[in-house]
$ cat model05.cif   # mmCIF, C-alpha atoms
data_query
#
loop_
_atom_site.label_atom_id
_atom_site.label_comp_id
_atom_site.auth_asym_id
_atom_site.auth_seq_id
_atom_site.Cartn_x
_atom_site.Cartn_y
_atom_site.Cartn_z
CA MET A 1 -12.68 -3.98 -26.38
CA LYS A 2 -16.06 -4.75 -24.83
CA LEU A 3 -16.53 -6.47 -21.49
CA SER A 4 -17.76 -10.04 -21.43
CA PRO A 5 -21.37 -10.55 -20.29
CA LYS A 6 -20.15 -11.91 -16.93
CA ALA A 7 -17.91 -8.89 -16.34
CA GLN A 8 -20.71 -6.51 -17.34
CA THR A 9 -23.10 -8.30 -14.97
CA ALA A 10 -20.61 -8.04 -12.11
CA LEU A 11 -20.13 -4.33 -12.78
CA GLN A 12 -23.87 -3.70 -12.79
CA LYS A 13 -24.44 -5.75 -9.64
CA VAL A 14 -21.92 -3.72 -7.64
CA VAL A 15 -23.43 -0.45 -8.93
CA ASP A 16 -26.89 -1.67 -7.90
CA GLN A 17 -25.62 -2.54 -4.41
CA PHE A 18 -24.44 1.02 -3.92
CA LYS A 19 -27.69 2.47 -5.26
CA SER A 20 -29.67 0.36 -2.79
CA GLY A 21 -27.49 1.47 0.12
CA ASP A 22 -26.15 -2.03 0.77
CA LEU A 23 -23.30 -1.36 3.19
CA SER A 24 -21.92 -4.75 4.19
CA PRO A 25 -19.97 -5.24 7.45
CA ILE A 26 -16.39 -4.04 7.32
CA VAL A 27 -13.98 -6.95 6.99
CA LYS A 28 -10.73 -7.14 8.92
CA ILE A 29 -7.68 -7.58 6.74
CA ALA A 30 -4.67 -9.59 7.88
CA ARG A 31 -1.53 -7.55 7.43
CA LEU A 32 1.81 -9.15 6.65
CA ARG A 33 4.02 -8.96 9.69
CA ARG A 34 7.57 -7.74 9.34
CA ARG A 35 10.39 -9.52 11.12
CA ASP A 36 10.57 -8.48 14.75
CA ASP A 37 14.38 -8.63 14.76
CA ILE A 38 14.80 -5.45 12.72
CA PRO A 39 14.99 -2.09 14.54
CA SER A 40 12.02 -0.53 12.74
CA ALA A 41 9.72 -3.06 14.42
CA LYS A 42 10.05 -0.91 17.54
CA TRP A 43 9.77 2.48 15.81
CA THR A 44 6.78 4.78 16.01
CA PHE A 45 4.15 4.84 13.29
CA SER A 46 5.47 8.15 11.94
CA ASN A 47 9.09 6.97 11.78
CA GLN A 48 8.11 3.80 9.93
CA VAL A 49 6.26 5.92 7.37
CA LEU A 50 9.18 8.37 7.11
CA ALA A 51 11.69 5.60 6.45
CA TYR A 52 9.49 3.84 3.93
CA ILE A 53 8.71 6.97 1.94
CA GLN A 54 12.42 7.81 1.66
CA THR A 55 13.73 4.30 0.93
CA GLY A 56 10.86 2.02 -0.12
CA THR A 57 11.66 -0.47 2.64
CA LEU A 58 11.22 -0.88 6.38
CA ASP A 59 14.60 -2.54 6.91
CA CYS A 60 16.54 0.62 7.70
CA ARG A 61 19.18 0.87 10.42
CA GLY A 62 21.80 3.22 11.78
CA TYR A 63 25.46 2.95 10.77
CA ARG A 64 26.49 1.03 13.88
CA GLN A 65 23.40 -1.13 13.82
CA TRP A 66 24.44 -2.37 10.39
CA GLN A 67 27.94 -3.04 11.67
CA LYS A 68 26.49 -5.09 14.50
CA ALA A 69 24.58 -7.11 11.89
CA GLY A 70 27.84 -7.82 10.03
CA ARG A 71 27.28 -5.34 7.23
CA HIS A 72 28.66 -1.93 6.33
CA VAL A 73 27.18 1.08 4.59
CA THR A 74 28.58 1.40 1.08
CA LYS A 75 30.48 4.54 0.15
CA GLY A 76 28.31 7.31 -1.29
CA SER A 77 25.05 5.93 0.09
CA ARG A 78 22.40 8.50 0.90
CA ALA A 79 20.92 8.41 4.38
CA ALA A 80 17.26 8.61 5.22
CA TYR A 81 16.18 10.42 8.36
CA ILE A 82 13.81 9.53 11.15
CA LEU A 83 13.07 11.62 14.24
CA ALA A 84 14.19 10.85 17.79
CA PRO A 85 12.76 12.65 20.81
CA LEU A 86 14.99 15.30 22.40
CA LEU A 87 14.58 15.05 26.17
CA VAL A 88 16.03 17.25 28.90
CA LYS A 89 15.89 16.87 32.67
CA LYS A 90 13.93 19.51 34.56
CA GLU A 91 12.82 19.96 38.13
CA ASP A 92 9.14 20.42 38.79
CA GLU A 93 7.57 22.56 41.53
CA ASN A 94 8.09 19.72 44.02
CA GLY A 95 11.80 19.52 43.35
CA GLU A 96 11.49 16.19 41.53
CA THR A 97 13.51 15.66 38.36
CA ARG A 98 11.72 14.47 35.29
CA GLN A 99 12.39 14.29 31.57
CA VAL A 100 10.65 16.82 29.35
CA LEU A 101 10.25 16.61 25.59
CA VAL A 102 11.62 19.80 24.03
CA GLY A 103 11.75 18.75 20.40
CA PHE A 104 13.09 16.18 17.98
CA ARG A 105 16.45 15.51 16.39
CA PRO A 106 17.09 13.84 13.02
CA VAL A 107 18.68 10.38 13.08
CA ALA A 108 20.36 9.01 9.96
CA VAL A 109 19.44 5.49 8.90
CA PHE A 110 20.34 3.49 5.80
CA ALA A 111 18.27 1.02 3.80
CA ALA A 112 19.45 -2.57 3.47
CA THR A 113 20.12 -1.91 -0.23
CA CYS A 114 22.79 0.62 0.81
CA THR A 115 24.86 -2.01 2.60
CA ASP A 116 27.23 -4.90 1.88
CA GLY A 117 28.43 -7.75 4.05
CA ASP A 118 26.88 -10.80 5.66
CA PRO A 119 23.70 -12.06 4.00
CA ILE A 120 20.42 -10.70 5.31
CA PRO A 121 17.94 -13.46 6.12
CA GLU A 122 15.31 -13.27 3.41
CA ILE A 123 11.64 -14.01 3.92
CA ASP A 124 9.45 -14.74 0.92
CA TYR A 125 6.02 -13.23 1.60
CA THR A 126 4.54 -14.34 -1.74
CA PRO A 127 1.28 -16.25 -1.12
CA GLN A 128 1.41 -19.97 -1.86
CA GLU A 129 -1.56 -19.57 -4.18
CA LEU A 130 -1.27 -16.51 -6.40
CA PRO A 131 -4.43 -14.38 -6.69
CA PRO A 132 -6.58 -14.25 -9.82
CA LEU A 133 -5.23 -11.94 -12.51
CA HIS A 134 -1.62 -12.30 -11.38
CA ASP A 135 -1.01 -13.42 -14.96
CA ALA A 136 -2.56 -10.14 -16.15
CA ALA A 137 0.03 -8.27 -14.10
CA THR A 138 2.75 -10.28 -15.83
CA ARG A 139 1.20 -9.60 -19.24
CA LEU A 140 1.14 -5.86 -18.54
CA GLY A 141 4.74 -5.86 -17.30
CA VAL A 142 3.79 -5.05 -13.71
CA THR A 143 6.21 -6.23 -11.01
CA VAL A 144 4.30 -7.53 -7.98
CA THR A 145 6.00 -7.84 -4.58
CA TRP A 146 4.48 -8.96 -1.30
CA GLN A 147 6.31 -7.35 1.59
CA PRO A 148 5.63 -5.71 4.97
CA LEU A 149 4.57 -2.09 4.57
CA PRO A 150 4.25 0.79 7.05
CA PRO A 151 1.02 1.04 9.04
CA ASP A 152 -0.49 3.76 6.85
CA ARG A 153 -1.08 1.48 3.84
CA LEU A 154 -1.87 -2.05 2.70
CA GLY A 155 -0.39 -1.58 -0.75
CA ASP A 156 0.98 0.98 -3.18
CA CYS A 157 1.66 1.46 -6.87
CA THR A 158 4.21 3.54 -8.74
CA VAL A 159 2.80 6.42 -10.80
CA ASP A 160 3.76 4.70 -14.05
CA GLY A 161 2.10 1.46 -12.96
CA SER A 162 5.28 -0.57 -13.36
CA GLU A 163 5.44 -1.87 -9.79
CA ILE A 164 2.97 -2.67 -7.06
CA ARG A 165 3.78 -3.69 -3.48
CA ILE A 166 1.28 -5.52 -1.33
CA GLY A 167 1.37 -5.71 2.46
CA THR A 168 -1.38 -8.32 2.87
CA HIS A 169 -2.58 -11.56 1.29
CA ASP A 170 -6.04 -10.07 0.93
CA THR A 171 -7.08 -10.46 -2.71
CA LYS A 172 -9.04 -7.22 -2.87
CA THR A 173 -5.95 -5.21 -1.97
CA PHE A 174 -4.11 -6.89 -4.84
CA PHE A 175 -7.00 -6.07 -7.19
CA HIS A 176 -6.97 -2.43 -6.00
CA GLU A 177 -3.27 -1.91 -6.72
CA LEU A 178 -3.46 -3.85 -10.00
CA ALA A 179 -6.32 -1.56 -11.04
CA HIS A 180 -4.05 1.45 -10.38
CA ALA A 181 -1.40 -0.11 -12.64
CA ALA A 182 -3.94 -0.76 -15.41
CA HIS A 183 -5.40 2.74 -15.00
CA ALA A 184 -1.94 4.21 -15.58
CA ARG A 185 -1.87 2.49 -18.97
CA VAL A 186 -5.41 3.56 -19.85
CA ASN A 187 -4.44 7.08 -18.78
CA GLY A 188 -1.55 7.26 -21.22
CA GLY A 189 1.21 5.78 -19.07
CA SER A 190 1.02 7.66 -15.81
CA LEU A 191 -1.13 8.55 -12.84
CA ALA A 192 -1.12 11.71 -10.78
CA GLY A 193 1.11 11.51 -7.72
CA GLY A 194 -0.46 10.97 -4.31
CA GLN A 195 -3.88 9.59 -3.49
CA GLN A 196 -6.23 11.40 -5.87
CA ALA A 197 -9.96 10.99 -5.22
CA GLY A 198 -10.79 10.02 -8.80
CA GLN A 199 -7.99 7.51 -9.05
CA GLU A 200 -8.83 5.91 -5.72
CA THR A 201 -12.50 5.63 -6.67
CA ILE A 202 -11.60 3.89 -9.93
CA ALA A 203 -9.19 1.46 -8.25
CA GLU A 204 -11.48 0.59 -5.35
CA PHE A 205 -14.59 0.19 -7.48
CA THR A 206 -12.69 -1.94 -10.00
CA ALA A 207 -11.52 -4.14 -7.13
CA ALA A 208 -15.11 -4.53 -5.89
CA VAL A 209 -16.25 -5.60 -9.36
CA LEU A 210 -13.43 -8.14 -9.63
CA MET A 211 -14.26 -9.57 -6.20
CA GLU A 212 -17.84 -10.07 -7.39
CA LEU A 213 -16.73 -11.47 -10.74
CA TYR A 214 -14.51 -14.08 -9.11
CA GLY A 215 -17.04 -14.94 -6.41
CA LEU A 216 -14.77 -13.87 -3.58
CA GLY A 217 -17.40 -12.33 -1.32
CA ASP A 218 -19.38 -9.16 -0.89
CA ARG A 219 -17.03 -6.31 0.02
CA SER A 220 -19.24 -3.37 -0.96
CA GLY A 221 -19.22 -2.11 2.63
CA ASN A 222 -15.45 -1.77 2.54
CA THR A 223 -15.60 -0.10 -0.86
CA TRP A 224 -18.28 2.38 0.16
CA LYS A 225 -16.37 3.41 3.29
CA TYR A 226 -13.11 3.75 1.36
CA ILE A 227 -14.56 5.88 -1.43
CA ARG A 228 -16.51 8.00 1.07
CA SER A 229 -13.20 8.96 2.66
CA TYR A 230 -12.30 10.65 -0.63
CA ALA A 231 -15.67 11.77 -1.97
CA LYS A 232 -18.60 13.37 -0.11
CA ASP A 233 -21.03 11.62 -2.46
CA PRO A 234 -19.64 8.12 -3.18
CA LEU A 235 -22.43 7.17 -5.59
CA THR A 236 -21.85 10.23 -7.78
CA ALA A 237 -18.09 9.59 -7.71
CA ILE A 238 -18.67 6.00 -8.82
CA ILE A 239 -21.03 6.96 -11.64
CA LYS A 240 -18.41 9.42 -12.93
CA ALA A 241 -15.76 6.70 -12.74
CA VAL A 242 -17.71 3.89 -14.41
CA SER A 243 -16.54 4.56 -17.98
CA THR A 244 -12.89 4.44 -16.90
CA VAL A 245 -13.58 1.39 -14.73
CA GLU A 246 -14.89 -0.38 -17.83
CA GLN A 247 -11.68 0.43 -19.71
CA VAL A 248 -9.54 -0.82 -16.82
CA LEU A 249 -11.57 -4.03 -16.56
CA ALA A 250 -11.33 -4.60 -20.30
CA LEU A 251 -7.53 -4.28 -20.13
CA LEU A 252 -7.23 -6.65 -17.18
CA LEU A 253 -9.68 -9.25 -18.49
CA GLN A 254 -8.22 -9.67 -21.96
CA GLU A 255 -7.97 -13.30 -23.00
#

$ encode --input "model05.cif" --output "structure tokens"
Amino acid sequence: MKLSPKAQTALQKVVDQFKSGDLSPIVKIARLRRRDDIPSAKWTFSNQVLAYIQTGTLDCRGYRQWQKAGRHVTKGSRAAYILAPLLVKKEDENGETRQVLVGFRPVAVFAATCTDGDPIPEIDYTPQELPPLHDAATRLGVTVTWQPLPPDRLGDCTVDGSEIRIGTHDTKTFFHELAHAAHARVNGGSLAGGQQAGQETIAEFTAAVLMELYGLGDRSGNTWKYIRSYAKDPLTAIIKAVSTVEQVLALLLQE
């Protein structure tokens, strides 16, 4: 399927911006805030990432913390582990006692899905106005969820492209993850695990084209910086990715 003239024009315009060295100011993105009444709100960056990678959620708590919330861990549930500092008291050369970090100990926590009991207050983070191409996600069978994510990401996508999770109401982030999901289908049903340079270039450049196509602002500066973090020569990486970008766009922009 060929791209429409408007889509082809948008693609070419973004390519031309990169060729001319147009690096627009970096735009701040508003991140969805998680509820402050859950324990992970006070955890370190690394522990939030650890919990999320193991469970897919930030609402993880210890056994007794769940009991205090009126819930109990269901039998056979598998724990996730975060790291707590291991401190010991030592005297310094002045005879003063102070705590010294000597290592870390694993602490078991359980995701909300591993518990039963009193209802957990639910917050719907879905934007009031759904972004463009949300219907394309539905057509492709992609489940889209807006939810707080750990500080190391604004969104993610499963390797088979069946589910994307978005931690911001920023439309370009949605486009980026949706492009990953479409790329999985173009790629035969799966992507490589982890953040692969080629895959990230395709997703980010596709998102830039869609932002241009829908008149949602110039974000080429963001795109250039993002791709440069994966490729030493962003322009060459983009040129290599263009043919796949066209296939992804064609899939997303079907009538």

$ residues_around --input "model05.cif" --residues "Ala108 in chain A" --least-positions-apart "2" --cutoff "9 Å" --atoms "only C-alpha atoms" --output "list in words"
Arg61, Gly62, Tyr63, Ala79, Ala80, Tyr81, Ile82, Leu83, Pro106 and Phe110 of chain A

$ write_last_selection --input "model05.cif" --atoms "C-alpha atoms" --output "short mmCIF file (atom, residue, chain, number, x, y, z; two decimals), in the coordinates of the input"
data_model
loop_
_atom_site.label_atom_id
_atom_site.label_comp_id
_atom_site.auth_asym_id
_atom_site.auth_seq_id
_atom_site.Cartn_x
_atom_site.Cartn_y
_atom_site.Cartn_z
CA ARG A 61 19.18 0.87 10.42
CA GLY A 62 21.80 3.22 11.78
CA TYR A 63 25.46 2.95 10.77
CA ALA A 79 20.92 8.41 4.38
CA ALA A 80 17.26 8.61 5.22
CA TYR A 81 16.18 10.42 8.36
CA ILE A 82 13.81 9.53 11.15
CA LEU A 83 13.07 11.62 14.24
CA PRO A 106 17.09 13.84 13.02
CA PHE A 110 20.34 3.49 5.80
#

$ residues_near_point --input "model05.cif" --point "(1.3, 7.0, -15.8)" --cutoff "10 Å" --atoms "only C-alpha atoms" --output "list in words"
Thr158, Val159, Asp160, Gly161, Ser162, His180, Ala181, Ala182, His183, Ala184, Arg185, Val186, Asn187, Gly188, Gly189, Ser190, Leu191, Ala192 and Gly193 of chain A

$ resolve_selection --input "model05.cif" --expression "the PyMOL selection byres ((chain A and resi 242) around 12)" --output "compact mmCIF listing (two decimals) with C-alpha atoms, in the frame of the given file"
# COMPACT_ATOMS: atom_id res chain seq x y z
CA GLN A 8 -20.71 -6.51 -17.34
CA LEU A 11 -20.13 -4.33 -12.78
CA GLN A 12 -23.87 -3.70 -12.79
CA VAL A 14 -21.92 -3.72 -7.64
CA VAL A 15 -23.43 -0.45 -8.93
CA GLY A 198 -10.79 10.02 -8.80
CA GLN A 199 -7.99 7.51 -9.05
CA THR A 201 -12.50 5.63 -6.67
CA ILE A 202 -11.60 3.89 -9.93
CA ALA A 203 -9.19 1.46 -8.25
CA GLU A 204 -11.48 0.59 -5.35
CA PHE A 205 -14.59 0.19 -7.48
CA THR A 206 -12.69 -1.94 -10.00
CA VAL A 209 -16.25 -5.60 -9.36
CA LEU A 235 -22.43 7.17 -5.59
CA THR A 236 -21.85 10.23 -7.78
CA ALA A 237 -18.09 9.59 -7.71
CA ILE A 238 -18.67 6.00 -8.82
CA ILE A 239 -21.03 6.96 -11.64
CA LYS A 240 -18.41 9.42 -12.93
CA ALA A 241 -15.76 6.70 -12.74
CA SER A 243 -16.54 4.56 -17.98
CA THR A 244 -12.89 4.44 -16.90
CA VAL A 245 -13.58 1.39 -14.73
CA GLU A 246 -14.89 -0.38 -17.83
CA GLN A 247 -11.68 0.43 -19.71
CA VAL A 248 -9.54 -0.82 -16.82
CA LEU A 249 -11.57 -4.03 -16.56

$ atom_distance --input "model05.cif" --atom1 "CA of Leu101 in chain A" --atom2 "CA of Lys89 in chain A"
9.1 Å

$ residues_around --input "model05.cif" --residues "Leu133 in chain A" --least-positions-apart "6" --cutoff "10 Å" --atoms "all atoms listed in the file" --output "PyMOL selection string"
chain A and resi 139+174-175+178+210+252-253

$ atom_distance --input "model05.cif" --atom1 "CA of Ile166 in chain A" --atom2 "CA of Thr223 in chain A"
17.7 Å

$ closest_residue --input "model05.cif" --among "A:Cys114, A:Ile123, A:Val102, A:Ala250" --to "Arg33 in chain A" --atoms "only C-alpha atoms"
A:Ile123

$ atom_distance --input "model05.cif" --atom1 "CA of Ala197 in chain A" --atom2 "CA of Ser229 in chain A"
8.8 Å

$ closest_residue --input "model05.cif" --among "A:Asn47, A:Thr168, A:Gln254, A:Thr9" --to "Ala137 in chain A" --atoms "only C-alpha atoms"
A:Gln254

$ residues_around --input "model05.cif" --residues "Leu130 in chain A" --least-positions-apart "4" --cutoff "10 Å" --atoms "all atoms listed in the file" --output "mmCIF file with C-alpha atoms, in the frame of the given file"
data_model
loop_
_atom_site.group_PDB
_atom_site.id
_atom_site.type_symbol
_atom_site.label_atom_id
_atom_site.label_comp_id
_atom_site.auth_asym_id
_atom_site.auth_seq_id
_atom_site.Cartn_x
_atom_site.Cartn_y
_atom_site.Cartn_z
ATOM 1 C CA THR A 126 4.540 -14.340 -1.740
ATOM 2 C CA HIS A 134 -1.620 -12.300 -11.380
ATOM 3 C CA ASP A 135 -1.010 -13.420 -14.960
ATOM 4 C CA HIS A 169 -2.580 -11.560 1.290
ATOM 5 C CA THR A 171 -7.080 -10.460 -2.710
#

$ closest_residue --input "model05.cif" --among "A:Gly167, A:Pro85, A:Gly56, A:Gly70" --to "Asp116 in chain A" --atoms "only C-alpha atoms"
A:Gly70

$ residues_around --input "model05.cif" --residues "range 140-144 of chain A" --least-positions-apart "6" --cutoff "6 Å" --atoms "all atoms listed in the file" --output "ChimeraX atom specification"
/A:162-165

$ closest_residue --input "model05.cif" --among "A:Val49, A:Asp37, A:Leu86, A:Ala231" --to "Gln99 in chain A" --atoms "all atoms listed in the file"
A:Leu86

$ resolve_selection --input "model05.cif" --expression "the PyMOL selection byres ((chain A and resi 73) around 6)" --output "ChimeraX atom specification"
/A:72,74,114-115

$ residues_around --input "model05.cif" --residues "Asp124 in chain A" --least-positions-apart "6" --cutoff "10 Å" --atoms "all atoms listed in the file" --output "ChimeraX atom specification"
/A:145-147

$ closest_residue --input "model05.cif" --among "A:Pro234, A:Asn222, A:Ala208, A:Tyr125" --to "Pro148 in chain A" --atoms "only C-alpha atoms"
A:Tyr125

$ resolve_selection --input "model05.cif" --expression "the PyMOL selection byres ((chain A and resi 119) around 12)" --output "ChimeraX atom specification"
/A:66,69-72,112-113,115-118,120-122

$ closest_residue --input "model05.cif" --among "A:Thr173, A:Phe104, A:Thr138, A:Pro131" --to "Tyr214 in chain A" --atoms "only C-alpha atoms"
A:Pro131
